[in-house]
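Below is the file protein-v6.pdb, which contains PDB, C-alpha atoms, pLDDT in the B column.
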```
ATOM      1  CA  GLY A   1    -120.466 -75.571  14.931  1.00 41.00           C
ATOM      2  CA  ASN A   2    -117.176 -74.782  16.559  1.00 39.00           C
ATOM      3  CA  THR A   3    -114.495 -76.076  14.202  1.00 41.00           C
ATOM      4  CA  VAL A   4    -110.875 -76.008  15.295  1.00 41.00           C
ATOM      5  CA  THR A   5    -108.299 -76.510  12.532  1.00 40.00           C
ATOM      6  CA  MET A   6    -105.151 -78.545  13.160  1.00 41.00           C
ATOM      7  CA  ALA A   7    -103.048 -75.482  12.252  1.00 39.00           C
ATOM      8  CA  ALA A   8    -104.807 -73.463  14.967  1.00 40.00           C
ATOM      9  CA  VAL A   9    -104.377 -76.291  17.488  1.00 40.00           C
ATOM     10  CA  ARG A  10    -100.668 -76.583  16.635  1.00 39.00           C
ATOM     11  CA  ALA A  11    -100.207 -72.821  17.006  1.00 38.00           C
ATOM     12  CA  VAL A  12    -101.909 -72.754  20.413  1.00 39.00           C
ATOM     13  CA  ALA A  13    -100.009 -75.854  21.545  1.00 42.00           C
ATOM     14  CA  THR A  14     -96.667 -74.543  20.323  1.00 35.00           C
ATOM     15  CA  ASN A  15     -97.119 -71.163  22.050  1.00 35.00           C
ATOM     16  CA  ALA A  16     -98.304 -72.717  25.304  1.00 37.00           C
ATOM     17  CA  LEU A  17     -95.571 -75.352  25.318  1.00 38.00           C
ATOM     18  CA  SER A  18     -92.911 -72.752  24.551  1.00 32.00           C
ATOM     19  CA  ARG A  19     -93.935 -70.903  27.712  1.00 30.00           C
ATOM     20  CA  GLN A  20     -93.796 -74.133  29.716  1.00 33.00           C
ATOM     21  CA  ILE A  21     -90.471 -75.296  28.268  1.00 29.00           C
ATOM     22  CA  ASN A  22     -88.956 -71.930  29.105  1.00 27.00           C
ATOM     23  CA  SER A  23     -90.145 -72.266  32.707  1.00 25.00           C
ATOM     24  CA  ARG A  24     -87.956 -75.397  33.112  1.00 24.00           C
ATOM     25  CA  CYS A  25     -90.685 -77.491  34.712  1.00 26.00           C
ATOM     26  CA  SER A  26     -89.421 -80.636  36.414  1.00 29.00           C
ATOM     27  CA  VAL A  27     -92.451 -82.866  35.797  1.00 34.00           C
ATOM     28  CA  SER A  28     -94.514 -83.623  32.746  1.00 38.00           C
ATOM     29  CA  ARG A  29     -96.926 -80.922  31.650  1.00 40.00           C
ATOM     30  CA  SER A  30    -100.055 -80.885  29.616  1.00 43.00           C
ATOM     31  CA  ILE A  31    -102.094 -78.184  27.979  1.00 43.00           C
ATOM     32  CA  LYS A  32    -105.827 -78.738  27.650  1.00 45.00           C
ATOM     33  CA  LEU A  33    -107.066 -77.322  24.382  1.00 45.00           C
ATOM     34  CA  PRO A  34    -110.619 -76.693  23.219  1.00 43.00           C
ATOM     35  CA  GLY A  35    -112.275 -79.821  21.911  1.00 44.00           C
ATOM     36  CA  VAL A  36    -110.666 -83.213  22.026  1.00 45.00           C
ATOM     37  CA  LEU A  37    -106.967 -82.557  21.547  1.00 47.00           C
ATOM     38  CA  GLN A  38    -104.323 -82.175  24.203  1.00 47.00           C
ATOM     39  CA  ALA A  39    -100.689 -81.260  23.670  1.00 45.00           C
ATOM     40  CA  ARG A  40     -98.115 -82.758  25.964  1.00 46.00           C
ATOM     41  CA  ASN A  41     -94.406 -82.329  26.608  1.00 42.00           C
ATOM     42  CA  PHE A  42     -92.076 -84.056  29.048  1.00 41.00           C
ATOM     43  CA  ARG A  43     -89.139 -82.708  31.032  1.00 42.00           C
ATOM     44  CA  GLY A  44     -86.112 -82.386  28.806  1.00 42.00           C
ATOM     45  CA  SER A  45     -88.124 -82.759  25.608  1.00 43.00           C
ATOM     46  CA  SER A  46     -89.285 -80.170  23.125  1.00 40.00           C
ATOM     47  CA  THR A  47     -91.394 -82.707  21.222  1.00 46.00           C
ATOM     48  CA  ILE A  48     -95.120 -82.012  21.040  1.00 48.00           C
ATOM     49  CA  VAL A  49     -97.312 -85.102  21.255  1.00 57.00           C
ATOM     50  CA  MET A  50    -101.002 -84.749  20.417  1.00 65.00           C
ATOM     51  CA  VAL A  51    -103.303 -87.033  22.403  1.00 76.00           C
ATOM     52  CA  GLN A  52    -106.974 -87.616  21.633  1.00 84.00           C
ATOM     53  CA  ARG A  53    -108.851 -86.358  24.720  1.00 91.00           C
ATOM     54  CA  VAL A  54    -111.668 -88.406  26.247  1.00 92.00           C
ATOM     55  CA  GLU A  55    -113.939 -86.477  28.589  1.00 93.00           C
ATOM     56  CA  LYS A  56    -117.052 -87.960  30.205  1.00 94.00           C
ATOM     57  CA  SER A  57    -119.162 -87.365  33.279  1.00 95.00           C
ATOM     58  CA  ASP A  58    -118.767 -89.600  36.338  1.00 94.00           C
ATOM     59  CA  ALA A  59    -122.217 -91.014  35.542  1.00 96.00           C
ATOM     60  CA  ASP A  60    -121.063 -92.030  32.041  1.00 96.00           C
ATOM     61  CA  TRP A  61    -117.831 -93.552  33.376  1.00 96.00           C
ATOM     62  CA  ALA A  62    -119.822 -95.480  36.022  1.00 96.00           C
ATOM     63  CA  LYS A  63    -122.035 -96.976  33.284  1.00 96.00           C
ATOM     64  CA  GLU A  64    -119.049 -98.063  31.166  1.00 96.00           C
ATOM     65  CA  LEU A  65    -116.661 -99.377  33.817  1.00 97.00           C
ATOM     66  CA  ASP A  66    -117.064-102.172  36.346  1.00 96.00           C
ATOM     67  CA  LYS A  67    -117.306-100.983  39.958  1.00 96.00           C
ATOM     68  CA  THR A  68    -113.654-101.676  40.862  1.00 96.00           C
ATOM     69  CA  SER A  69    -112.244-100.078  37.698  1.00 97.00           C
ATOM     70  CA  PHE A  70    -114.433 -97.011  38.251  1.00 97.00           C
ATOM     71  CA  GLN A  71    -113.213 -96.694  41.856  1.00 97.00           C
ATOM     72  CA  VAL A  72    -109.563 -96.906  40.782  1.00 97.00           C
ATOM     73  CA  LEU A  73    -109.588 -94.997  37.479  1.00 97.00           C
ATOM     74  CA  ARG A  74    -112.001 -92.197  38.391  1.00 97.00           C
ATOM     75  CA  LYS A  75    -111.760 -91.995  42.221  1.00 97.00           C
ATOM     76  CA  LYS A  76    -108.021 -92.759  42.586  1.00 94.00           C
ATOM     77  CA  GLY A  77    -108.516 -96.002  44.485  1.00 95.00           C
ATOM     78  CA  THR A  78    -106.092 -98.934  44.687  1.00 95.00           C
ATOM     79  CA  GLU A  79    -106.725-102.621  44.171  1.00 95.00           C
ATOM     80  CA  PRO A  80    -105.353-104.937  46.895  1.00 95.00           C
ATOM     81  CA  ALA A  81    -101.743-106.045  46.328  1.00 95.00           C
ATOM     82  CA  GLY A  82    -101.306-109.388  44.567  1.00 95.00           C
ATOM     83  CA  THR A  83    -104.908-109.598  43.355  1.00 95.00           C
ATOM     84  CA  GLY A  84    -104.654-108.077  39.864  1.00 95.00           C
ATOM     85  CA  GLU A  85    -104.862-110.246  36.754  1.00 96.00           C
ATOM     86  CA  TYR A  86    -101.725-108.660  35.234  1.00 97.00           C
ATOM     87  CA  ASP A  87     -99.431-108.790  38.291  1.00 95.00           C
ATOM     88  CA  LYS A  88     -97.813-112.107  37.263  1.00 95.00           C
ATOM     89  CA  PHE A  89     -98.632-111.821  33.530  1.00 96.00           C
ATOM     90  CA  PHE A  90     -95.540-111.292  31.340  1.00 96.00           C
ATOM     91  CA  PRO A  91     -96.366-111.459  27.624  1.00 96.00           C
ATOM     92  CA  LYS A  92     -93.448-111.304  25.164  1.00 94.00           C
ATOM     93  CA  GLU A  93     -95.397-109.151  22.682  1.00 96.00           C
ATOM     94  CA  GLY A  94     -98.378-106.817  22.714  1.00 97.00           C
ATOM     95  CA  HIS A  95     -99.193-103.710  24.685  1.00 97.00           C
ATOM     96  CA  PHE A  96    -101.347-102.353  27.506  1.00 98.00           C
ATOM     97  CA  VAL A  97    -104.011 -99.670  27.064  1.00 97.00           C
ATOM     98  CA  CYS A  98    -106.084 -97.597  29.472  1.00 97.00           C
ATOM     99  CA  LYS A  99    -109.167 -99.600  30.452  1.00 98.00           C
ATOM    100  CA  GLY A 100    -111.249 -96.431  30.426  1.00 97.00           C
ATOM    101  CA  CYS A 101    -110.462 -95.033  26.998  1.00 96.00           C
ATOM    102  CA  GLY A 102    -108.157 -97.417  25.111  1.00 95.00           C
ATOM    103  CA  ASN A 103    -105.168 -95.030  24.990  1.00 95.00           C
ATOM    104  CA  PRO A 104    -101.948 -97.096  24.451  1.00 96.00           C
ATOM    105  CA  LEU A 105     -99.794 -96.788  27.595  1.00 96.00           C
ATOM    106  CA  TYR A 106     -97.100 -99.479  27.797  1.00 97.00           C
ATOM    107  CA  SER A 107     -95.434-102.102  25.612  1.00 96.00           C
ATOM    108  CA  ALA A 108     -95.286-105.673  26.896  1.00 97.00           C
ATOM    109  CA  GLN A 109     -91.482-105.366  26.770  1.00 96.00           C
ATOM    110  CA  SER A 110     -91.568-102.574  29.378  1.00 96.00           C
ATOM    111  CA  LYS A 111     -93.273-104.835  31.954  1.00 97.00           C
ATOM    112  CA  PHE A 112     -91.099-106.496  34.592  1.00 96.00           C
ATOM    113  CA  ASN A 113     -91.442-108.437  37.841  1.00 95.00           C
ATOM    114  CA  SER A 114     -90.777-106.048  40.714  1.00 95.00           C
ATOM    115  CA  GLY A 115     -92.390-108.238  43.358  1.00 93.00           C
ATOM    116  CA  CYS A 116     -94.473-105.275  44.603  1.00 93.00           C
ATOM    117  CA  GLY A 117     -97.862-106.964  44.102  1.00 95.00           C
ATOM    118  CA  TRP A 118     -98.961-104.784  41.180  1.00 97.00           C
ATOM    119  CA  PRO A 119     -97.955-104.774  37.515  1.00 97.00           C
ATOM    120  CA  ALA A 120     -94.679-102.875  37.053  1.00 97.00           C
ATOM    121  CA  PHE A 121     -93.390-101.098  33.937  1.00 97.00           C
ATOM    122  CA  ASP A 122     -90.133 -99.190  33.471  1.00 96.00           C
ATOM    123  CA  LYS A 123     -91.161 -96.831  30.658  1.00 95.00           C
ATOM    124  CA  CYS A 124     -94.281 -95.673  28.828  1.00 95.00           C
ATOM    125  CA  TYR A 125     -95.242 -94.602  25.332  1.00 95.00           C
ATOM    126  CA  LYS A 126     -94.255 -90.999  24.720  1.00 92.00           C
ATOM    127  CA  GLY A 127     -97.126 -88.668  25.687  1.00 90.00           C
ATOM    128  CA  ALA A 128     -99.257 -91.512  27.093  1.00 94.00           C
ATOM    129  CA  LEU A 129     -99.156 -90.397  30.724  1.00 94.00           C
ATOM    130  CA  ILE A 130     -99.442 -87.289  32.817  1.00 94.00           C
ATOM    131  CA  THR A 131     -97.987 -87.016  36.292  1.00 93.00           C
ATOM    132  CA  GLU A 132     -98.882 -85.177  39.448  1.00 93.00           C
ATOM    133  CA  THR A 133     -97.077 -85.039  42.777  1.00 89.00           C
ATOM    134  CA  ASP A 134     -99.102 -86.840  45.435  1.00 74.00           C
ATOM    135  CA  MET A 135     -98.388 -85.995  49.098  1.00 81.00           C
ATOM    136  CA  THR A 136    -100.867 -88.449  50.675  1.00 76.00           C
ATOM    137  CA  PHE A 137     -99.768 -90.933  53.346  1.00 78.00           C
ATOM    138  CA  GLY A 138     -97.069 -88.531  54.577  1.00 83.00           C
ATOM    139  CA  MET A 139     -94.686 -89.102  51.683  1.00 82.00           C
ATOM    140  CA  LYS A 140     -94.021 -87.711  48.227  1.00 83.00           C
ATOM    141  CA  ARG A 141     -95.217 -89.965  45.406  1.00 84.00           C
ATOM    142  CA  VAL A 142     -95.668 -89.246  41.708  1.00 92.00           C
ATOM    143  CA  GLU A 143     -99.147 -90.208  40.528  1.00 94.00           C
ATOM    144  CA  ILE A 144     -99.456 -91.470  36.946  1.00 96.00           C
ATOM    145  CA  MET A 145    -102.648 -90.877  34.977  1.00 97.00           C
ATOM    146  CA  CYS A 146    -103.785 -91.650  31.439  1.00 97.00           C
ATOM    147  CA  GLY A 147    -102.866 -88.780  29.156  1.00 94.00           C
ATOM    148  CA  ALA A 148    -106.168 -89.040  27.277  1.00 95.00           C
ATOM    149  CA  CYS A 149    -108.820 -89.421  30.006  1.00 96.00           C
ATOM    150  CA  ASP A 150    -106.921 -88.535  33.225  1.00 96.00           C
ATOM    151  CA  GLY A 151    -107.733 -91.986  34.642  1.00 97.00           C
ATOM    152  CA  HIS A 152    -105.659 -92.922  37.723  1.00 97.00           C
ATOM    153  CA  LEU A 153    -103.219 -95.733  36.919  1.00 98.00           C
ATOM    154  CA  GLY A 154    -100.986 -95.814  39.988  1.00 96.00           C
ATOM    155  CA  HIS A 155     -97.659 -94.243  40.951  1.00 94.00           C
ATOM    156  CA  VAL A 156     -94.131 -94.096  39.577  1.00 93.00           C
ATOM    157  CA  PHE A 157     -91.179 -94.659  41.893  1.00 92.00           C
ATOM    158  CA  GLU A 158     -87.652 -93.625  40.999  1.00 91.00           C
ATOM    159  CA  ASN A 159     -84.089 -94.771  41.677  1.00 92.00           C
ATOM    160  CA  GLU A 160     -84.923 -98.228  43.029  1.00 91.00           C
ATOM    161  CA  GLY A 161     -82.467 -99.926  40.645  1.00 91.00           C
ATOM    162  CA  PHE A 162     -84.805-102.543  39.131  1.00 94.00           C
ATOM    163  CA  THR A 163     -84.072-101.551  35.513  1.00 94.00           C
ATOM    164  CA  PRO A 164     -81.737 -99.192  33.615  1.00 93.00           C
ATOM    165  CA  THR A 165     -84.487 -96.518  33.417  1.00 94.00           C
ATOM    166  CA  MET A 166     -84.545 -96.350  37.246  1.00 94.00           C
ATOM    167  CA  GLU A 167     -88.364 -96.078  37.126  1.00 94.00           C
ATOM    168  CA  ARG A 168     -91.033 -98.457  38.436  1.00 95.00           C
ATOM    169  CA  HIS A 169     -94.547 -97.642  37.278  1.00 96.00           C
ATOM    170  CA  CYS A 170     -96.700 -99.402  39.868  1.00 96.00           C
ATOM    171  CA  VAL A 171    -100.000 -99.827  37.993  1.00 98.00           C
ATOM    172  CA  ASN A 172    -103.380-101.180  39.086  1.00 98.00           C
ATOM    173  CA  SER A 173    -104.398-104.148  36.891  1.00 97.00           C
ATOM    174  CA  VAL A 174    -107.990-102.870  36.814  1.00 97.00           C
ATOM    175  CA  SER A 175    -106.760 -99.652  35.158  1.00 98.00           C
ATOM    176  CA  VAL A 176    -105.374-101.357  32.051  1.00 98.00           C
ATOM    177  CA  LEU A 177    -106.184-103.955  29.407  1.00 98.00           C
ATOM    178  CA  TYR A 178    -103.711-106.160  27.544  1.00 98.00           C
ATOM    179  CA  LYS A 179    -103.921-106.107  23.737  1.00 97.00           C
ATOM    180  CA  GLU A 180    -102.122-108.528  21.438  1.00 97.00           C
ATOM    181  CA  GLY A 181     -99.898-107.040  18.760  1.00 94.00           C
ATOM    182  CA  PRO A 182     -98.413-103.557  18.499  1.00 92.00           C
ATOM    183  CA  PRO A 183    -100.398-100.328  18.931  1.00 92.00           C
ATOM    184  CA  PRO A 184    -102.262 -99.162  15.791  1.00 87.00           C
ATOM    185  CA  THR A 185     -99.586 -96.506  15.211  1.00 86.00           C
ATOM    186  CA  PRO A 186     -95.897 -97.081  15.977  1.00 87.00           C
ATOM    187  CA  LEU A 187     -95.045 -95.329  19.249  1.00 89.00           C
ATOM    188  CA  GLU A 188     -91.771 -94.399  20.928  1.00 89.00           C
ATOM    189  CA  GLU A 189     -91.143 -95.281  24.548  1.00 90.00           C
ATOM    190  CA  GLU A 190     -89.486 -93.078  27.166  1.00 88.00           C
ATOM    191  CA  LYS A 191     -89.103 -92.532  30.873  1.00 88.00           C
ATOM    192  CA  CYS A 192     -92.042 -90.799  32.540  1.00 80.00           C
ATOM    193  CA  THR A 193     -90.247 -88.451  34.943  1.00 75.00           C
TER     194      THR A 193
END
```
Could I get this structure in the form of structure tokens?
Amino acid sequence: GNTVTMAAVRAVATNALSRQINSRCSVSRSIKLPGVLQARNFRGSSTIVMVQRVEKSDADWAKELDKTSFQVLRKKGTEPAGTGEYDKFFPKEGHFVCKGCGNPLYSAQSKFNSGCGWPAFDKCYKGALITETDMTFGMKRVEIMCGACDGHLGHVFENEGFTPTMERHCVNSVSVLYKEGPPPTPLEEEKCT
């Protein structure tokens, strides 16, 4: 077998992240490590967050997800505005996880009514998301994906003034599931970009 010790993973992650931190990257970065661990750091942060990786073939994802969730999470689709079950759902407690892999993404407290037709959040759990600049439709958007399985969640928009974080995570309802109660492990929240 190919056993990777946590000390070895930390050493690889620390060295790789040191190189990335020194490059002053302006968006979140991730380092894919052998096996199932991924180290992640966000702009302005030197904290290393380890995320349990979930990697499956498209055929396996297609078996596990309903057709719409597969199209959105794995093929970067979008559900029609105003049709998602979580658009007008505002629980006082609980959290939202990735529908594909169960990775905790958002607290219920971070959800707000933006009126955009999709669930909106103003911050995420630290290390829960990865971002990528998306230049489709002739404009610059920041795509947000699950930090564990790379599932497409939606896009984050900045400086609209809805909340003090100045972020609106526009998320497809079919990409997430609501869970009652807190995540299994206490998690910090932060801005994504």
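Taking CA of Arg168 in chain A and CA of Leu129 in chain A as endpoints, the distance between them is 13.8 Å.
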Find the residues around Val156 in chain A up to 9 Å (all atoms listed in the file counted), leave out those fewer than 3 positions away in its own chain, and share them as a ChimeraX atom specification.
/A:122,131,141-144,167-171,192-193
Closest to Glu79 in chain A among A:Glu158, A:Leu187, A:Gly117, A:Asp58, using only C-alpha atoms?
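Of all the options, A:Gly117 lies closest to Glu79 in chain A.
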Between A:Gly147, A:Gly84, A:Thr163, A:Trp118, which is the closest to Leu105 in chain A once you count all atoms listed in the file?
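Counting all atoms listed in the file, the residue closest to Leu105 in chain A is A:Gly147.
Here the PyMOL selection byres ((chain A and resi 107-109) around 9) matches the residues Phe90, Pro91, Lys92, Glu93, Gly94, His95, Phe96, Pro104, Leu105, Tyr106, Ser110, Lys111, Phe112, Phe121, Lys123, Cys124, Tyr125, Tyr178, Pro182, Pro183 and Glu189 of chain A.
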Pick out the residues sitting within 7 Å of range 65-77 of chain A, and hand them over as number ranges by chain; count all atoms listed in the file, and ignore anything fewer than 5 positions along from it in its own chain.
A: 151-153, 174-175
Atomic separation - CA of Lys179 in chain A relative to CA of Cys98 in chain A, Å:
10.5 Å
Excluding Cys101 in chain A and residues on its chain fewer than 5 positions from it, collect all residues at most 9 Å away from it, counting all atoms listed in the file, and give them as a VMD selection string.
chain A and resid 54 146 148 to 149 151
